[in-house]
$ cat upload.pdb   # PDB, C-alpha atoms, pLDDT in the B column
ATOM      1  CA  MET A   1     158.369 -82.933 103.322  1.00 92.00           C
ATOM      2  CA  THR A   2     159.334 -86.368 102.095  1.00 96.00           C
ATOM      3  CA  VAL A   3     161.089 -88.800 104.384  1.00 98.00           C
ATOM      4  CA  GLU A   4     164.199 -88.535 102.233  1.00 98.00           C
ATOM      5  CA  GLU A   5     164.237 -84.728 102.496  1.00 98.00           C
ATOM      6  CA  ALA A   6     163.729 -84.936 106.254  1.00 98.00           C
ATOM      7  CA  VAL A   7     166.606 -87.400 106.672  1.00 98.00           C
ATOM      8  CA  THR A   8     168.953 -85.143 104.707  1.00 98.00           C
ATOM      9  CA  ALA A   9     167.869 -82.098 106.711  1.00 98.00           C
ATOM     10  CA  TRP A  10     168.269 -83.992 109.999  1.00 98.00           C
ATOM     11  CA  LYS A  11     171.789 -85.110 109.185  1.00 98.00           C
ATOM     12  CA  ASN A  12     172.786 -81.602 108.082  1.00 98.00           C
ATOM     13  CA  HIS A  13     171.023 -79.466 110.679  1.00 98.00           C
ATOM     14  CA  MET A  14     170.127 -81.567 113.731  1.00 98.00           C
ATOM     15  CA  GLU A  15     172.748 -84.270 114.138  1.00 98.00           C
ATOM     16  CA  PRO A  16     175.545 -81.719 114.714  1.00 98.00           C
ATOM     17  CA  PHE A  17     173.793 -80.933 118.043  1.00 98.00           C
ATOM     18  CA  LYS A  18     174.129 -84.532 119.284  1.00 98.00           C
ATOM     19  CA  GLY A  19     175.200 -84.425 122.927  1.00 96.00           C
ATOM     20  CA  LYS A  20     174.637 -80.669 123.118  1.00 98.00           C
ATOM     21  CA  ALA A  21     170.828 -80.627 123.061  1.00 98.00           C
ATOM     22  CA  THR A  22     167.902 -83.014 123.290  1.00 98.00           C
ATOM     23  CA  LEU A  23     167.169 -84.084 119.734  1.00 98.00           C
ATOM     24  CA  VAL A  24     163.447 -84.564 119.197  1.00 98.00           C
ATOM     25  CA  SER A  25     162.135 -86.310 116.095  1.00 98.00           C
ATOM     26  CA  PRO A  26     160.217 -84.509 113.396  1.00 98.00           C
ATOM     27  CA  ALA A  27     156.683 -84.041 114.701  1.00 97.00           C
ATOM     28  CA  VAL A  28     154.039 -86.184 113.052  1.00 97.00           C
ATOM     29  CA  THR A  29     150.263 -86.028 113.156  1.00 94.00           C
ATOM     30  CA  ASN A  30     147.907 -88.762 114.202  1.00 93.00           C
ATOM     31  CA  GLY A  31     146.877 -89.089 110.541  1.00 91.00           C
ATOM     32  CA  ALA A  32     146.578 -92.450 108.824  1.00 92.00           C
ATOM     33  CA  ALA A  33     149.389 -93.907 106.713  1.00 94.00           C
ATOM     34  CA  PRO A  34     151.364 -92.645 104.907  1.00 95.00           C
ATOM     35  CA  MET A  35     151.298 -89.857 107.523  1.00 95.00           C
ATOM     36  CA  GLY A  36     151.707 -90.089 111.287  1.00 96.00           C
ATOM     37  CA  LEU A  37     153.595 -92.912 112.898  1.00 96.00           C
ATOM     38  CA  ASP A  38     153.960 -94.644 109.525  1.00 97.00           C
ATOM     39  CA  TRP A  39     155.941 -91.628 108.263  1.00 98.00           C
ATOM     40  CA  LEU A  40     158.013 -91.592 111.450  1.00 98.00           C
ATOM     41  CA  ASP A  41     158.746 -95.325 111.104  1.00 97.00           C
ATOM     42  CA  ARG A  42     160.158 -94.728 107.630  1.00 98.00           C
ATOM     43  CA  PHE A  43     162.153 -91.710 108.846  1.00 98.00           C
ATOM     44  CA  ILE A  44     163.760 -93.668 111.689  1.00 97.00           C
ATOM     45  CA  LYS A  45     164.521 -96.618 109.411  1.00 97.00           C
ATOM     46  CA  GLN A  46     166.180 -94.404 106.782  1.00 98.00           C
ATOM     47  CA  CYS A  47     168.010 -92.103 109.181  1.00 97.00           C
ATOM     48  CA  ASN A  48     170.828 -94.532 109.920  1.00 95.00           C
ATOM     49  CA  GLY A  49     173.062 -93.361 112.745  1.00 94.00           C
ATOM     50  CA  CYS A  50     170.748 -90.494 113.669  1.00 97.00           C
ATOM     51  CA  THR A  51     170.340 -89.531 117.304  1.00 98.00           C
ATOM     52  CA  ILE A  52     166.721 -89.264 118.389  1.00 98.00           C
ATOM     53  CA  ASP A  53     166.305 -88.611 122.108  1.00 98.00           C
ATOM     54  CA  ALA A  54     162.527 -88.141 122.108  1.00 98.00           C
ATOM     55  CA  VAL A  55     159.573 -88.442 119.737  1.00 98.00           C
ATOM     56  CA  ALA A  56     157.266 -85.523 118.863  1.00 98.00           C
ATOM     57  CA  ILE A  57     153.632 -86.032 117.940  1.00 97.00           C
ATOM     58  CA  HIS A  58     150.675 -83.815 117.113  1.00 95.00           C
ATOM     59  CA  ILE A  59     147.118 -84.846 117.917  1.00 92.00           C
ATOM     60  CA  TYR A  60     143.989 -83.598 116.176  1.00 90.00           C
ATOM     61  CA  ASN A  61     140.668 -84.945 117.426  1.00 87.00           C
ATOM     62  CA  ASP A  62     137.419 -84.307 119.265  1.00 82.00           C
ATOM     63  CA  ALA A  63     137.997 -82.657 122.647  1.00 75.00           C
ATOM     64  CA  GLY A  64     135.916 -85.285 124.412  1.00 80.00           C
ATOM     65  CA  ASN A  65     137.941 -88.200 123.099  1.00 85.00           C
ATOM     66  CA  ILE A  66     140.315 -88.450 126.072  1.00 88.00           C
ATOM     67  CA  ALA A  67     140.778 -92.208 125.682  1.00 91.00           C
ATOM     68  CA  TYR A  68     142.001 -91.700 122.119  1.00 91.00           C
ATOM     69  CA  PHE A  69     144.533 -89.068 123.235  1.00 91.00           C
ATOM     70  CA  LYS A  70     145.915 -91.375 125.929  1.00 93.00           C
ATOM     71  CA  ASP A  71     146.017 -94.394 123.612  1.00 94.00           C
ATOM     72  CA  TYR A  72     147.858 -92.512 120.867  1.00 94.00           C
ATOM     73  CA  ILE A  73     150.481 -91.154 123.274  1.00 95.00           C
ATOM     74  CA  ASN A  74     150.963 -94.574 124.883  1.00 96.00           C
ATOM     75  CA  LYS A  75     151.211 -96.240 121.472  1.00 96.00           C
ATOM     76  CA  ALA A  76     154.038 -93.899 120.457  1.00 96.00           C
ATOM     77  CA  ALA A  77     155.837 -94.345 123.787  1.00 97.00           C
ATOM     78  CA  LYS A  78     155.641 -98.136 123.611  1.00 97.00           C
ATOM     79  CA  LYS A  79     156.605 -98.292 119.937  1.00 97.00           C
ATOM     80  CA  TYR A  80     159.689 -96.068 120.102  1.00 97.00           C
ATOM     81  CA  LYS A  81     160.701 -96.590 123.743  1.00 97.00           C
ATOM     82  CA  LYS A  82     161.521 -92.898 124.082  1.00 97.00           C
ATOM     83  CA  PRO A  83     159.917 -89.930 125.808  1.00 98.00           C
ATOM     84  CA  VAL A  84     156.976 -88.569 123.829  1.00 98.00           C
ATOM     85  CA  TRP A  85     156.525 -84.819 123.403  1.00 97.00           C
ATOM     86  CA  VAL A  86     153.033 -83.725 122.413  1.00 95.00           C
ATOM     87  CA  THR A  87     153.972 -80.566 120.564  1.00 93.00           C
ATOM     88  CA  GLU A  88     150.599 -79.596 119.151  1.00 91.00           C
ATOM     89  CA  VAL A  89     147.006 -80.390 120.045  1.00 87.00           C
ATOM     90  CA  ARG A  90     144.000 -79.270 118.077  1.00 86.00           C
ATOM     91  CA  VAL A  91     140.630 -80.197 119.393  1.00 79.00           C
ATOM     92  CA  LEU A  92     137.119 -79.792 118.114  1.00 72.00           C
ATOM     93  CA  PHE A  93     134.603 -78.514 120.624  1.00 67.00           C
ATOM     94  CA  VAL A  94     130.981 -79.217 119.920  1.00 63.00           C
ATOM     95  CA  LEU A  95     128.571 -76.655 121.328  1.00 63.00           C
ATOM     96  CA  LEU A  96     125.174 -77.946 122.278  1.00 63.00           C
ATOM     97  CA  ALA A  97     122.268 -75.571 121.871  1.00 58.00           C
TER      98      ALA A  97
END
$ encode --input "upload.pdb" --output "structure tokens"
Amino acid sequence: MTVEEAVTAWKNHMEPFKGKATLVSPAVTNGAAPMGLDWLDRFIKQCNGCTIDAVAIHIYNDAGNIAYFKDYINKAAKKYKKPVWVTEVRVLFVLLA
């Protein structure tokens, strides 16, 4: 979905719940720009007057990369100054023979 489509959908379908529910941003992956936090930056900038109570992120990475998981979550929390919801995690497990 484009940022513009997401902003329109947010204003029509999410914003009416302001004050009635916790409004969590569209979930973004940890992918490189133009995905991930870059996409979310553009969404927040274009969604003037939108209520965003928390930020949702997805993380896809190697299961052993704990430092990366922590860094990505902390980066989002620091950047947006909102609670971060990790709404999907996909990890790759490497089996050693």
$ resolve_selection --input "upload.pdb" --expression "the PyMOL selection byres ((chain A and resi 81-90) around 6)" --output "number ranges by chain"
A: 54-60, 77-80, 91
$ resolve_selection --input "upload.pdb" --expression "the PyMOL selection byres ((chain A and resi 63) around 7)" --output "list in words"
Asn61, Asp62, Gly64, Asn65, Val91, Leu92 and Phe93 of chain A
$ atom_distance --input "upload.pdb" --atom1 "CA of Val28 in chain A" --atom2 "CA of Ala76 in chain A"
10.7 Å
$ closest_residue --input "upload.pdb" --among "A:Leu37, A:Ile66, A:Cys47, A:Ala27" --to "Val7 in chain A" --atoms "all atoms listed in the file"
A:Cys47
$ closest_residue --input "upload.pdb" --among "A:Asn30, A:Asn12, A:Thr2, A:Ser25" --to "Ile44 in chain A" --atoms "all atoms listed in the file"
A:Ser25
$ closest_residue --input "upload.pdb" --among "A:Leu40, A:Asp53, A:Lys70, A:Lys20" --to "Ala6 in chain A" --atoms "only C-alpha atoms"
A:Leu40
$ residues_around --input "upload.pdb" --residues "Gly19 in chain A" --least-positions-apart "2" --cutoff "12 Å" --atoms "all atoms listed in the file" --output "ChimeraX atom specification"
/A:14-17,21-23,50-53
$ atom_distance --input "upload.pdb" --atom1 "CA of Asp38 in chain A" --atom2 "CA of Tyr72 in chain A"
13.1 Å
$ decode --input "upload.pdb" --residues "range 21-40 of chain A" --atoms "N, CA, C and O atoms" --output "PDB file, in the first residue's frame"
ATOM      1  N   ALA A  21     -10.039   3.824  21.525  1.00  0.00           N
ATOM      2  CA  ALA A  21      -9.151   2.669  21.431  1.00  0.00           C
ATOM      3  C   ALA A  21      -7.722   3.175  21.276  1.00  0.00           C
ATOM      4  O   ALA A  21      -7.497   4.332  20.910  1.00  0.00           O
ATOM      5  N   THR A  22      -6.766   2.321  21.546  1.00  0.00           N
ATOM      6  CA  THR A  22      -5.371   2.659  21.300  1.00  0.00           C
ATOM      7  C   THR A  22      -5.121   2.530  19.800  1.00  0.00           C
ATOM      8  O   THR A  22      -5.333   1.469  19.218  1.00  0.00           O
ATOM      9  N   LEU A  23      -4.709   3.613  19.189  1.00  0.00           N
ATOM     10  CA  LEU A  23      -4.464   3.615  17.751  1.00  0.00           C
ATOM     11  C   LEU A  23      -2.987   3.354  17.492  1.00  0.00           C
ATOM     12  O   LEU A  23      -2.123   4.140  17.872  1.00  0.00           O
ATOM     13  N   VAL A  24      -2.719   2.224  16.861  1.00  0.00           N
ATOM     14  CA  VAL A  24      -1.357   1.773  16.598  1.00  0.00           C
ATOM     15  C   VAL A  24      -1.063   1.962  15.114  1.00  0.00           C
ATOM     16  O   VAL A  24      -1.874   1.585  14.268  1.00  0.00           O
ATOM     17  N   SER A  25       0.086   2.520  14.824  1.00  0.00           N
ATOM     18  CA  SER A  25       0.465   2.817  13.438  1.00  0.00           C
ATOM     19  C   SER A  25       0.381   1.594  12.541  1.00  0.00           C
ATOM     20  O   SER A  25       0.378   0.455  13.023  1.00  0.00           O
ATOM     21  N   PRO A  26       0.372   1.825  11.228  1.00  0.00           N
ATOM     22  CA  PRO A  26       0.535   0.692  10.326  1.00  0.00           C
ATOM     23  C   PRO A  26       1.851  -0.008  10.669  1.00  0.00           C
ATOM     24  O   PRO A  26       2.845   0.655  10.985  1.00  0.00           O
ATOM     25  N   ALA A  27       1.858  -1.313  10.629  1.00  0.00           N
ATOM     26  CA  ALA A  27       3.068  -2.066  10.948  1.00  0.00           C
ATOM     27  C   ALA A  27       4.021  -2.051   9.760  1.00  0.00           C
ATOM     28  O   ALA A  27       3.601  -2.257   8.630  1.00  0.00           O
ATOM     29  N   VAL A  28       5.285  -1.801  10.051  1.00  0.00           N
ATOM     30  CA  VAL A  28       6.301  -1.780   9.006  1.00  0.00           C
ATOM     31  C   VAL A  28       7.378  -2.814   9.315  1.00  0.00           C
ATOM     32  O   VAL A  28       7.603  -3.170  10.461  1.00  0.00           O
ATOM     33  N   THR A  29       8.032  -3.274   8.266  1.00  0.00           N
ATOM     34  CA  THR A  29       9.104  -4.250   8.429  1.00  0.00           C
ATOM     35  C   THR A  29      10.407  -3.540   8.771  1.00  0.00           C
ATOM     36  O   THR A  29      10.489  -2.318   8.751  1.00  0.00           O
ATOM     37  N   ASN A  30      11.414  -4.325   9.015  1.00  0.00           N
ATOM     38  CA  ASN A  30      12.746  -3.775   9.225  1.00  0.00           C
ATOM     39  C   ASN A  30      13.502  -3.669   7.893  1.00  0.00           C
ATOM     40  O   ASN A  30      14.717  -3.535   7.884  1.00  0.00           O
ATOM     41  N   GLY A  31      12.778  -3.673   6.787  1.00  0.00           N
ATOM     42  CA  GLY A  31      13.398  -3.557   5.469  1.00  0.00           C
ATOM     43  C   GLY A  31      14.003  -2.179   5.247  1.00  0.00           C
ATOM     44  O   GLY A  31      13.631  -1.198   5.873  1.00  0.00           O
ATOM     45  N   ALA A  32      14.932  -2.128   4.312  1.00  0.00           N
ATOM     46  CA  ALA A  32      15.602  -0.874   3.960  1.00  0.00           C
ATOM     47  C   ALA A  32      14.636   0.056   3.227  1.00  0.00           C
ATOM     48  O   ALA A  32      13.615  -0.375   2.690  1.00  0.00           O
ATOM     49  N   ALA A  33      14.978   1.343   3.196  1.00  0.00           N
ATOM     50  CA  ALA A  33      14.176   2.331   2.485  1.00  0.00           C
ATOM     51  C   ALA A  33      13.975   1.865   1.043  1.00  0.00           C
ATOM     52  O   ALA A  33      14.865   1.266   0.467  1.00  0.00           O
ATOM     53  N   PRO A  34      12.795   2.049   0.514  1.00  0.00           N
ATOM     54  CA  PRO A  34      11.690   2.878   0.975  1.00  0.00           C
ATOM     55  C   PRO A  34      10.707   2.161   1.909  1.00  0.00           C
ATOM     56  O   PRO A  34       9.626   2.673   2.172  1.00  0.00           O
ATOM     57  N   MET A  35      11.090   0.989   2.416  1.00  0.00           N
ATOM     58  CA  MET A  35      10.215   0.263   3.342  1.00  0.00           C
ATOM     59  C   MET A  35      10.545   0.680   4.773  1.00  0.00           C
ATOM     60  O   MET A  35      11.235   1.661   5.014  1.00  0.00           O
ATOM     61  N   GLY A  36      10.031  -0.076   5.724  1.00  0.00           N
ATOM     62  CA  GLY A  36      10.404   0.073   7.126  1.00  0.00           C
ATOM     63  C   GLY A  36      10.137   1.441   7.722  1.00  0.00           C
ATOM     64  O   GLY A  36       9.115   2.073   7.446  1.00  0.00           O
ATOM     65  N   LEU A  37      11.085   1.873   8.534  1.00  0.00           N
ATOM     66  CA  LEU A  37      10.904   3.144   9.235  1.00  0.00           C
ATOM     67  C   LEU A  37      10.861   4.321   8.275  1.00  0.00           C
ATOM     68  O   LEU A  37      10.224   5.339   8.580  1.00  0.00           O
ATOM     69  N   ASP A  38      11.491   4.208   7.122  1.00  0.00           N
ATOM     70  CA  ASP A  38      11.407   5.257   6.106  1.00  0.00           C
ATOM     71  C   ASP A  38       9.954   5.433   5.659  1.00  0.00           C
ATOM     72  O   ASP A  38       9.447   6.557   5.560  1.00  0.00           O
ATOM     73  N   TRP A  39       9.267   4.320   5.407  1.00  0.00           N
ATOM     74  CA  TRP A  39       7.854   4.371   5.013  1.00  0.00           C
ATOM     75  C   TRP A  39       7.028   4.991   6.136  1.00  0.00           C
ATOM     76  O   TRP A  39       6.180   5.855   5.890  1.00  0.00           O
ATOM     77  N   LEU A  40       7.294   4.573   7.368  1.00  0.00           N
ATOM     78  CA  LEU A  40       6.544   5.097   8.507  1.00  0.00           C
ATOM     79  C   LEU A  40       6.795   6.593   8.703  1.00  0.00           C
ATOM     80  O   LEU A  40       5.874   7.340   9.027  1.00  0.00           O
TER      81      LEU A  40
END
